[in-house]
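Step one of this worksheet: look at the structure below.
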Amino acid sequence: MNHTGTMELSTEHLTLRRFDEDDAENMFYNWANNDEVTKYLTWQSYENVEQAENYLKNFIIANYEKKDFYSWAIELNEIEQPIGSISAVKIEDETDTVEIGYCIGKEFWHRGYMTEALTEVIRFFMEETGAGRVYARHDTNNPNSGKVMEKSGMEYEGTLRRSGRNNTGICDMAVYAKVKSAAVLEAEAEEEPEEITASVTKVAGADGKMRNVISDETMEYVGILAKLELSGEEAQAAKKDMEEMLDYIDQLDELDTSGIEPMSHVFPVNNVFREDVVANGDGSKDTLANAPCMKDGGFKVPKTIGE
């Protein structure tokens, strides 16, 4: 799998983003302090904001530097607050498999937000990281979670009896998964990455001089590298500017710089700037003789404002 780490994702109503320490209070009050929310989870409800702060700081934020760590705050755009979380609780690279876990505040149940978040995370893992199977499990006594999985495009695979433990004790776990078809997996295995090469050609201008011409494909590639979305007009303007820069570089290359001492170097070397040498005197008398007004051996500059 091509791991990317936790990247920001967007849906119609939500922003799935990395947690930060300032989210502790919203985490506590929006979902982590509610026994109904944690009933079928493996961790107890928090008793204070400090517990949320400790969890986010030491177990979430501290791991964001890992490429195979994925944990998102589910932020509701309408209120600009996290209302739940969704994460990869298990990753098996040898089989390109990811297990997803999630929870959301009771106030936000039955409004489609969890389905929206799970659908996007499934898409992310399958399209961005190359996962072939994304699955989730739920306590059979919590059928509403199964409905979320179904609406997100997962299919019921079966129930593993007495295979899980949560705050209710040992339980049966229903398994849902979305799996890439054999045809898709085969096509991805055979598909070679498209090679994008920079294409710059030279053509003779009206004056007979050679000019650089950049292909439209190259400009598209430059936009991808720079993460810019250029309109057709902007791309053409950027293309013209780049061609003119290349033409100017070609002109510089034509200059004969042999025998010219460099004035500076990229790397630290002895100072190559020439020392000033006075020759034929300073000529101050002759210079001051041309001054319209003198004072104390120097030019006197007339006032331009006021007296």
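Starting from 1 in every chain, residues are counted up; chains themselves are A, B, ... following the order of the structure tokens, and ligands are numbered from 1 as listed.
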Test item: residues at most 7 Å from segment 60-74 of chain A, only C-alpha atoms, excluding those fewer than 2 positions along its chain, as a VMD selection string: chain A and resid 3 to 6 14 to 20 55 to 58 76 82 to 88
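Counting only C-alpha atoms, the residue from A:Glu254, A:Asp96, A:Glu275, A:Glu220 that sits nearest to Lys239 of chain A is A:Glu220.
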A:Gln81, A:Gln236, A:Ser145, A:Thr97 ranked by distance to Gly223 of chain A, top pick (using only C-alpha atoms):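 Residue with the minimum atom-to-atom distance to Gly223 of chain A: A:Gln236.
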Exercise: Arg123 of chain A partners within 12 Å, only C-alpha atoms, chain neighbours under 5 positions left out, as JSON, numbers by chain: {"A": [9, 10, 11, 98, 116, 117, 118, 128, 129, 130, 131, 132, 133, 134, 152, 153, 154, 178, 179, 180]}
Using the selection just defined, write its residues with N, CA and C atoms as a JSON list (two decimals), in the first residue's frame.
[["chain", "number", "residue", "atom", "x", "y", "z"],
["A", 9, "LEU", "N", -9.55, 15.56, 4.29],
["A", 9, "LEU", "CA", -10.54, 15.15, 3.32],
["A", 9, "LEU", "C", -11.78, 16.01, 3.50],
["A", 10, "SER", "N", -12.52, 16.21, 2.43],
["A", 10, "SER", "CA", -13.70, 17.06, 2.48],
["A", 10, "SER", "C", -14.90, 16.37, 1.87],
["A", 11, "THR", "N", -16.08, 16.59, 2.46],
["A", 11, "THR", "CA", -17.34, 16.12, 1.91],
["A", 11, "THR", "C", -18.31, 17.29, 1.89],
["A", 98, "VAL", "N", -7.56, -2.75, 5.36],
["A", 98, "VAL", "CA", -7.68, -1.72, 6.40],
["A", 98, "VAL", "C", -8.99, -1.91, 7.15],
["A", 116, "GLU", "N", -21.54, 9.69, 5.68],
["A", 116, "GLU", "CA", -20.79, 10.59, 4.80],
["A", 116, "GLU", "C", -19.29, 10.49, 5.06],
["A", 117, "ALA", "N", -18.92, 10.44, 6.34],
["A", 117, "ALA", "CA", -17.49, 10.34, 6.69],
["A", 117, "ALA", "C", -16.92, 8.99, 6.30],
["A", 118, "LEU", "N", -17.64, 7.92, 6.60],
["A", 118, "LEU", "CA", -17.14, 6.57, 6.31],
["A", 118, "LEU", "C", -17.01, 6.35, 4.80],
["A", 128, "GLU", "N", -6.49, 6.26, -2.89],
["A", 128, "GLU", "CA", -5.26, 6.97, -2.60],
["A", 128, "GLU", "C", -4.15, 6.07, -2.07],
["A", 129, "THR", "N", -4.48, 5.06, -1.28],
["A", 129, "THR", "CA", -3.43, 4.21, -0.69],
["A", 129, "THR", "C", -3.34, 2.84, -1.34],
["A", 130, "GLY", "N", -4.33, 2.49, -2.16],
["A", 130, "GLY", "CA", -4.27, 1.21, -2.86],
["A", 130, "GLY", "C", -4.82, 0.04, -2.07],
["A", 131, "ALA", "N", -5.64, 0.29, -1.06],
["A", 131, "ALA", "CA", -6.24, -0.80, -0.30],
["A", 131, "ALA", "C", -7.17, -1.61, -1.19],
["A", 132, "GLY", "N", -7.12, -2.94, -1.04],
["A", 132, "GLY", "CA", -8.00, -3.81, -1.81],
["A", 132, "GLY", "C", -9.23, -4.20, -1.04],
["A", 133, "ARG", "N", -9.16, -4.07, 0.30],
["A", 133, "ARG", "CA", -10.30, -4.42, 1.15],
["A", 133, "ARG", "C", -10.34, -3.47, 2.34],
["A", 134, "VAL", "N", -11.49, -2.85, 2.54],
["A", 134, "VAL", "CA", -11.71, -1.98, 3.69],
["A", 134, "VAL", "C", -12.91, -2.55, 4.44],
["A", 152, "SER", "N", -22.68, 3.00, 3.34],
["A", 152, "SER", "CA", -21.37, 3.46, 2.87],
["A", 152, "SER", "C", -20.82, 2.57, 1.76],
["A", 153, "GLY", "N", -21.59, 1.56, 1.36],
["A", 153, "GLY", "CA", -21.15, 0.71, 0.26],
["A", 153, "GLY", "C", -20.52, -0.60, 0.68],
["A", 154, "MET", "N", -20.52, -0.90, 1.98],
["A", 154, "MET", "CA", -19.97, -2.17, 2.45],
["A", 154, "MET", "C", -21.03, -3.27, 2.37],
["A", 178, "LYS", "N", -15.91, -3.61, 2.00],
["A", 178, "LYS", "CA", -15.95, -3.26, 0.59],
["A", 178, "LYS", "C", -14.66, -3.76, -0.02],
["A", 179, "VAL", "N", -14.77, -4.52, -1.10],
["A", 179, "VAL", "CA", -13.61, -5.18, -1.70],
["A", 179, "VAL", "C", -13.55, -4.84, -3.18],
["A", 180, "LYS", "N", -12.36, -4.54, -3.64],
["A", 180, "LYS", "CA", -12.18, -4.29, -5.07],
["A", 180, "LYS", "C", -12.40, -5.59, -5.84]]
Using only C-alpha atoms, which residues of segment 127-222 of chain A come within 12 Å of segment 30-48 of chain A, and what is the closest atom pair for each, with the distance in Å to one decimal? Give it as a tab-separated table, sorted by chain and residue number.
residue	atom	partner	partner_atom	distance
A:Arg137	CA	A:Tyr40	CA	11.0
A:His138	CA	A:Tyr40	CA	8.1
A:Asp139	CA	A:Tyr40	CA	6.8
A:Thr140	CA	A:Tyr40	CA	9.9
A:Asn141	CA	A:Tyr40	CA	8.6
A:Asn142	CA	A:Tyr40	CA	7.4
A:Pro143	CA	A:Tyr40	CA	11.0
A:Asn144	CA	A:Tyr40	CA	11.4
A:Ser145	CA	A:Tyr40	CA	10.0
A:Gly164	CA	A:Thr42	CA	9.4
A:Arg165	CA	A:Thr42	CA	7.1
A:Asn166	CA	A:Thr42	CA	4.5
A:Asn167	CA	A:Lys39	CA	5.6
A:Thr168	CA	A:Tyr40	CA	6.6
A:Gly169	CA	A:Tyr40	CA	9.1
A:Ile170	CA	A:Tyr40	CA	10.6
A:Cys171	CA	A:Tyr40	CA	9.6
A:Asp172	CA	A:Tyr40	CA	11.5
A:Met173	CA	A:Tyr40	CA	10.9
Two-atom distance - atom CA of Leu225 of chain A, atom CA of Leu252 of chain A (Å):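 Straight-line distance from atom CA of Leu225 of chain A to atom CA of Leu252 of chain A works out to 27.0 Å.
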Would you please extract all alpha helix (DSSP H) residues from segment 97-299 of chain A, as assigned by DSSP on the backbone, and give them as a compact mmCIF listing (two decimals) with N, CA, C and O atoms, in the first residue's frame?
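Now in states14.txt:
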# COMPACT_ATOMS: atom_id res chain seq x y z
N TYR A 113 -24.27 11.96 8.91
CA TYR A 113 -22.90 12.44 8.97
C TYR A 113 -21.88 11.29 9.02
O TYR A 113 -20.84 11.34 8.37
N MET A 114 -22.21 10.25 9.81
CA MET A 114 -21.26 9.14 9.93
C MET A 114 -21.14 8.39 8.60
O MET A 114 -20.05 7.98 8.20
N THR A 115 -22.25 8.21 7.91
CA THR A 115 -22.22 7.56 6.60
C THR A 115 -21.38 8.38 5.62
O THR A 115 -20.59 7.83 4.85
N GLU A 116 -21.54 9.69 5.68
CA GLU A 116 -20.79 10.59 4.80
C GLU A 116 -19.29 10.49 5.06
O GLU A 116 -18.49 10.43 4.12
N ALA A 117 -18.92 10.44 6.34
CA ALA A 117 -17.49 10.34 6.69
C ALA A 117 -16.92 8.99 6.30
O ALA A 117 -15.82 8.91 5.73
N LEU A 118 -17.64 7.92 6.60
CA LEU A 118 -17.14 6.57 6.31
C LEU A 118 -17.01 6.35 4.80
O LEU A 118 -16.02 5.76 4.34
N THR A 119 -17.97 6.84 4.03
CA THR A 119 -17.90 6.71 2.57
C THR A 119 -16.64 7.37 2.02
O THR A 119 -15.96 6.81 1.15
N GLU A 120 -16.31 8.55 2.53
CA GLU A 120 -15.13 9.26 2.06
C GLU A 120 -13.84 8.56 2.47
O GLU A 120 -12.89 8.48 1.69
N VAL A 121 -13.79 8.03 3.67
CA VAL A 121 -12.59 7.33 4.14
C VAL A 121 -12.37 6.05 3.34
O VAL A 121 -11.24 5.70 3.00
N ILE A 122 -13.45 5.33 3.03
CA ILE A 122 -13.34 4.14 2.20
C ILE A 122 -12.76 4.52 0.84
O ILE A 122 -11.85 3.86 0.31
N ARG A 123 -13.31 5.59 0.25
CA ARG A 123 -12.80 6.05 -1.05
C ARG A 123 -11.33 6.39 -0.96
O ARG A 123 -10.53 6.02 -1.83
N PHE A 124 -10.94 7.10 0.10
CA PHE A 124 -9.55 7.50 0.28
C PHE A 124 -8.63 6.28 0.31
O PHE A 124 -7.61 6.25 -0.42
N PRO A 143 -27.21 -2.62 15.87
CA PRO A 143 -27.48 -2.74 14.43
C PRO A 143 -27.40 -1.42 13.66
O PRO A 143 -27.18 -1.43 12.45
N ASN A 144 -27.56 -0.28 14.35
CA ASN A 144 -27.50 0.99 13.64
C ASN A 144 -26.13 1.22 13.01
O ASN A 144 -26.00 1.85 11.96
N SER A 145 -25.09 0.70 13.66
CA SER A 145 -23.76 0.83 13.09
C SER A 145 -23.65 0.02 11.80
O SER A 145 -23.00 0.44 10.83
N GLY A 146 -24.32 -1.12 11.75
CA GLY A 146 -24.34 -1.93 10.53
C GLY A 146 -25.04 -1.21 9.39
O GLY A 146 -24.64 -1.32 8.22
N LYS A 147 -26.07 -0.43 9.72
CA LYS A 147 -26.78 0.33 8.68
C LYS A 147 -25.86 1.39 8.07
O LYS A 147 -25.91 1.66 6.86
N VAL A 148 -25.02 2.00 8.92
CA VAL A 148 -24.05 2.98 8.42
C VAL A 148 -23.11 2.31 7.44
O VAL A 148 -22.79 2.86 6.36
N MET A 149 -22.63 1.13 7.79
CA MET A 149 -21.69 0.41 6.93
C MET A 149 -22.34 0.06 5.59
O MET A 149 -21.71 0.20 4.53
N GLU A 150 -23.59 -0.40 5.63
CA GLU A 150 -24.30 -0.73 4.39
C GLU A 150 -24.46 0.49 3.49
O GLU A 150 -24.20 0.44 2.29
N LYS A 151 -24.89 1.61 4.10
CA LYS A 151 -25.12 2.83 3.32
C LYS A 151 -23.81 3.37 2.74
O LYS A 151 -23.83 4.12 1.76
N ALA A 182 -11.97 -8.49 -8.71
CA ALA A 182 -10.77 -9.12 -9.27
C ALA A 182 -10.33 -8.40 -10.54
O ALA A 182 -9.13 -8.24 -10.79
N ALA A 183 -11.30 -7.93 -11.32
CA ALA A 183 -10.97 -7.25 -12.57
C ALA A 183 -10.25 -5.93 -12.29
O ALA A 183 -9.28 -5.58 -12.98
N VAL A 184 -10.72 -5.20 -11.29
CA VAL A 184 -10.09 -3.92 -10.94
C VAL A 184 -8.68 -4.15 -10.42
O VAL A 184 -7.73 -3.45 -10.79
N LEU A 185 -8.52 -5.14 -9.55
CA LEU A 185 -7.20 -5.45 -9.00
C LEU A 185 -6.22 -5.86 -10.09
O LEU A 185 -5.05 -5.48 -10.09
N GLU A 186 -6.71 -6.65 -11.05
CA GLU A 186 -5.85 -7.09 -12.15
C GLU A 186 -5.45 -5.91 -13.03
O GLU A 186 -4.29 -5.78 -13.44
N ALA A 187 -6.40 -5.02 -13.28
CA ALA A 187 -6.12 -3.84 -14.11
C ALA A 187 -5.10 -2.94 -13.42
O ALA A 187 -4.19 -2.41 -14.06
N GLU A 188 -5.23 -2.77 -12.11
CA GLU A 188 -4.28 -1.93 -11.37
C GLU A 188 -2.90 -2.54 -11.36
O GLU A 188 -1.89 -1.83 -11.43
N ALA A 189 -2.83 -3.87 -11.28
CA ALA A 189 -1.53 -4.54 -11.26
C ALA A 189 -0.81 -4.39 -12.59
O ALA A 189 0.42 -4.28 -12.65
N GLU A 190 -1.59 -4.38 -13.69
CA GLU A 190 -0.98 -4.31 -15.02
C GLU A 190 -0.76 -2.88 -15.47
O GLU A 190 0.04 -2.62 -16.36
N ASP A 216 1.66 22.15 -24.13
CA ASP A 216 0.55 22.28 -23.19
C ASP A 216 0.62 21.19 -22.12
O ASP A 216 0.25 21.42 -20.97
N GLU A 217 1.12 20.00 -22.50
CA GLU A 217 1.24 18.91 -21.53
C GLU A 217 2.23 19.26 -20.43
O GLU A 217 2.03 18.94 -19.25
N THR A 218 3.31 19.97 -20.82
CA THR A 218 4.30 20.39 -19.83
C THR A 218 3.71 21.39 -18.86
O THR A 218 3.94 21.33 -17.65
N MET A 219 2.90 22.31 -19.35
CA MET A 219 2.26 23.29 -18.48
C MET A 219 1.30 22.61 -17.51
O MET A 219 1.20 22.98 -16.34
N GLU A 220 0.61 21.59 -17.99
CA GLU A 220 -0.29 20.83 -17.12
C GLU A 220 0.51 20.14 -16.01
O GLU A 220 0.10 20.12 -14.86
N TYR A 221 1.66 19.60 -16.38
CA TYR A 221 2.54 18.93 -15.42
C TYR A 221 3.07 19.93 -14.39
O TYR A 221 3.13 19.65 -13.19
N VAL A 222 3.44 21.13 -14.86
CA VAL A 222 3.92 22.17 -13.94
C VAL A 222 2.82 22.53 -12.94
O VAL A 222 3.08 22.72 -11.75
N GLY A 223 1.58 22.60 -13.42
CA GLY A 223 0.47 22.89 -12.53
C GLY A 223 0.28 21.82 -11.48
O GLY A 223 0.00 22.11 -10.31
N ILE A 224 0.46 20.55 -11.88
CA ILE A 224 0.34 19.44 -10.93
C ILE A 224 1.43 19.54 -9.86
O ILE A 224 1.17 19.40 -8.66
N LEU A 225 2.67 19.79 -10.30
CA LEU A 225 3.78 19.89 -9.35
C LEU A 225 3.58 21.06 -8.39
O LEU A 225 3.91 20.96 -7.20
N ALA A 226 3.07 22.16 -8.90
CA ALA A 226 2.87 23.35 -8.06
C ALA A 226 1.55 23.32 -7.31
O ALA A 226 1.27 24.22 -6.51
N GLY A 232 -7.48 28.25 -18.54
CA GLY A 232 -6.82 28.25 -19.83
C GLY A 232 -6.04 29.52 -20.08
O GLY A 232 -4.91 29.50 -20.58
N GLU A 233 -6.64 30.66 -19.71
CA GLU A 233 -5.98 31.95 -19.90
C GLU A 233 -4.74 32.08 -19.02
O GLU A 233 -3.70 32.55 -19.47
N GLU A 234 -4.85 31.63 -17.76
CA GLU A 234 -3.70 31.69 -16.84
C GLU A 234 -2.57 30.77 -17.31
O GLU A 234 -1.39 31.12 -17.22
N ALA A 235 -2.93 29.60 -17.81
CA ALA A 235 -1.90 28.66 -18.28
C ALA A 235 -1.15 29.22 -19.48
O ALA A 235 0.07 29.09 -19.58
N GLN A 236 -1.88 29.89 -20.38
CA GLN A 236 -1.22 30.47 -21.55
C GLN A 236 -0.30 31.63 -21.15
O GLN A 236 0.79 31.78 -21.70
N ALA A 237 -0.73 32.44 -20.17
CA ALA A 237 0.11 33.55 -19.71
C ALA A 237 1.36 33.02 -19.04
O ALA A 237 2.48 33.53 -19.27
N ALA A 238 1.21 31.97 -18.22
CA ALA A 238 2.37 31.38 -17.54
C ALA A 238 3.31 30.74 -18.56
O ALA A 238 4.54 30.83 -18.45
N LYS A 239 2.73 30.11 -19.56
CA LYS A 239 3.53 29.49 -20.63
C LYS A 239 4.36 30.54 -21.36
O LYS A 239 5.56 30.33 -21.61
N LYS A 240 3.75 31.67 -21.68
CA LYS A 240 4.46 32.75 -22.38
C LYS A 240 5.62 33.27 -21.52
O LYS A 240 6.73 33.47 -22.01
N ASP A 241 5.36 33.48 -20.22
CA ASP A 241 6.40 33.97 -19.32
C ASP A 241 7.57 32.99 -19.23
O ASP A 241 8.74 33.39 -19.26
N MET A 242 7.26 31.71 -19.14
CA MET A 242 8.32 30.70 -19.02
C MET A 242 9.13 30.61 -20.31
O MET A 242 10.36 30.45 -20.27
N GLU A 243 8.46 30.73 -21.45
CA GLU A 243 9.18 30.69 -22.73
C GLU A 243 10.14 31.87 -22.85
O GLU A 243 11.28 31.73 -23.31
N GLU A 244 9.69 33.05 -22.40
CA GLU A 244 10.54 34.24 -22.46
C GLU A 244 11.74 34.10 -21.51
O GLU A 244 12.85 34.53 -21.84
N MET A 245 11.52 33.47 -20.35
CA MET A 245 12.63 33.24 -19.43
C MET A 245 13.67 32.29 -20.04
O MET A 245 14.88 32.52 -19.93
N LEU A 246 13.18 31.25 -20.71
CA LEU A 246 14.11 30.30 -21.35
C LEU A 246 14.87 30.98 -22.48
O LEU A 246 16.07 30.72 -22.68
N ASP A 247 14.18 31.85 -23.24
CA ASP A 247 14.86 32.59 -24.31
C ASP A 247 15.97 33.47 -23.73
O ASP A 247 17.06 33.58 -24.30
N TYR A 248 15.69 34.13 -22.61
CA TYR A 248 16.69 35.00 -21.99
C TYR A 248 17.87 34.21 -21.48
O TYR A 248 19.03 34.63 -21.59
N ILE A 249 17.59 33.02 -20.92
CA ILE A 249 18.68 32.16 -20.46
C ILE A 249 19.57 31.76 -21.63
O ILE A 249 20.80 31.71 -21.52
N ASP A 250 18.94 31.47 -22.78
CA ASP A 250 19.74 31.13 -23.97
C ASP A 250 20.64 32.28 -24.37
O ASP A 250 21.78 32.09 -24.79
N GLN A 251 20.12 33.52 -24.26
CA GLN A 251 20.94 34.69 -24.58
C GLN A 251 22.13 34.80 -23.63
O GLN A 251 23.25 35.11 -24.05
N LEU A 252 21.90 34.55 -22.37
CA LEU A 252 23.00 34.60 -21.40
C LEU A 252 24.06 33.55 -21.70
O LEU A 252 25.26 33.78 -21.52
N ASP A 253 23.59 32.37 -22.15
CA ASP A 253 24.54 31.30 -22.47
C ASP A 253 25.44 31.67 -23.64
O ASP A 253 26.53 31.10 -23.81
N GLU A 254 24.99 32.61 -24.48
CA GLU A 254 25.79 33.00 -25.64
C GLU A 254 26.92 33.96 -25.27
O GLU A 254 27.83 34.19 -26.07
N SER A 284 39.15 66.12 -5.82
CA SER A 284 38.11 66.85 -5.11
C SER A 284 38.05 68.32 -5.49
O SER A 284 36.97 68.90 -5.59
N LYS A 285 39.21 68.96 -5.73
CA LYS A 285 39.21 70.38 -6.07
C LYS A 285 38.52 70.63 -7.39
O LYS A 285 37.70 71.55 -7.53
N ASP A 286 38.86 69.81 -8.37
CA ASP A 286 38.23 69.97 -9.68
C ASP A 286 36.73 69.71 -9.61
O ASP A 286 35.93 70.37 -10.28
N THR A 287 36.38 68.75 -8.80
CA THR A 287 34.96 68.41 -8.67
C THR A 287 34.19 69.55 -8.01
O THR A 287 33.12 69.97 -8.46
N LEU A 288 34.75 70.08 -6.90
CA LEU A 288 34.07 71.15 -6.17
C LEU A 288 34.01 72.44 -6.98
O LEU A 288 33.13 73.27 -6.75
N ALA A 289 34.93 72.60 -7.93
CA ALA A 289 34.93 73.81 -8.76
C ALA A 289 33.66 73.90 -9.59
O ALA A 289 33.24 74.99 -10.00
Near-Val49 of chain A list (7 Å; only C-alpha atoms; drop same-chain fewer than 3 positions) as JSON, numbers by chain: {"A": [24, 25, 28, 52, 53]}
Atom CA of Ile79 of chain A to atom CA of Tyr102 of chain A, distance in Å rounded to a single decimal: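 Between atom CA of Ile79 of chain A and atom CA of Tyr102 of chain A the gap is 20.0 Å.
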I need the strand (DSSP E or B) residues of segment 14-248 of chain A per DSSP on the backbone, written as a short mmCIF file (atom, residue, chain, number, x, y, z; two decimals) with C-alpha atoms, in the first residue's frame.
data_model
loop_
_atom_site.label_atom_id
_atom_site.label_comp_id
_atom_site.auth_asym_id
_atom_site.auth_seq_id
_atom_site.Cartn_x
_atom_site.Cartn_y
_atom_site.Cartn_z
CA LEU A 14 -17.79 17.66 6.79
CA THR A 15 -14.06 18.25 6.95
CA LEU A 16 -12.01 15.25 8.03
CA ARG A 17 -8.78 16.63 9.43
CA SER A 71 -6.95 9.31 12.60
CA TRP A 72 -9.39 12.04 11.61
CA ALA A 73 -11.48 14.51 13.55
CA ILE A 74 -14.92 14.69 11.94
CA GLU A 75 -15.57 18.42 11.84
CA LEU A 76 -19.07 19.62 11.02
CA GLN A 81 -16.36 21.83 15.62
CA PRO A 82 -15.34 18.16 15.67
CA ILE A 83 -18.37 15.97 16.41
CA GLY A 84 -16.67 12.56 16.29
CA SER A 85 -13.69 10.60 15.05
CA ILE A 86 -12.85 7.99 12.44
CA SER A 87 -9.61 6.07 12.10
CA ALA A 88 -7.79 3.03 10.76
CA VAL A 89 -7.64 0.69 13.74
CA LYS A 90 -5.80 -2.07 11.92
CA ILE A 91 -3.72 -2.16 8.74
CA GLU A 92 -2.46 -5.35 7.06
CA THR A 97 -6.48 -4.50 4.10
CA VAL A 98 -7.68 -1.72 6.40
CA GLU A 99 -10.11 -1.93 9.31
CA ILE A 100 -12.04 1.23 10.19
CA GLY A 101 -13.38 2.33 13.56
CA TYR A 102 -15.53 5.35 14.31
CA CYS A 103 -17.79 7.14 16.77
CA ILE A 104 -19.92 10.28 16.73
CA ARG A 133 -10.30 -4.42 1.15
CA VAL A 134 -11.71 -1.98 3.69
CA TYR A 135 -13.84 -3.43 6.47
CA ALA A 136 -15.49 -2.60 9.79
CA ARG A 137 -17.10 -4.57 12.61
CA HIS A 138 -19.92 -3.88 15.03
CA ASP A 139 -21.52 -5.50 18.04
CA GLU A 155 -21.47 -5.63 2.21
CA TYR A 156 -22.27 -7.95 5.10
CA GLU A 157 -19.75 -10.81 5.21
CA GLY A 158 -20.82 -12.68 8.31
CA THR A 159 -20.83 -12.74 12.10
CA LEU A 160 -17.91 -13.85 14.23
CA ARG A 161 -19.38 -15.27 17.42
CA ARG A 162 -17.85 -14.19 20.73
CA SER A 163 -14.99 -12.53 18.82
CA GLY A 164 -15.05 -9.09 20.41
CA ARG A 165 -15.06 -7.35 23.76
CA ASN A 166 -16.36 -3.88 24.53
CA GLY A 169 -18.50 -7.53 27.71
CA ILE A 170 -17.77 -10.32 25.22
CA CYS A 171 -19.92 -10.00 22.11
CA ASP A 172 -20.65 -11.30 18.62
CA MET A 173 -19.21 -9.10 15.86
CA ALA A 174 -20.84 -8.56 12.47
CA VAL A 175 -18.33 -7.89 9.68
CA TYR A 176 -18.94 -5.62 6.70
CA ALA A 177 -16.45 -4.90 3.93
CA LYS A 178 -15.95 -3.26 0.59
CA VAL A 179 -13.61 -5.18 -1.70
CA VAL A 200 10.38 22.10 -24.76
CA THR A 201 11.18 22.57 -28.43
CA LYS A 202 12.89 25.33 -30.36
CA VAL A 203 11.42 26.96 -33.45
CA ALA A 204 12.62 29.82 -35.63
CA MET A 210 15.37 30.35 -32.33
CA ARG A 211 12.63 30.53 -29.72
CA ASN A 212 11.63 28.12 -26.95
CA VAL A 213 8.13 26.62 -27.18
CA ILE A 214 6.66 24.75 -24.19
#
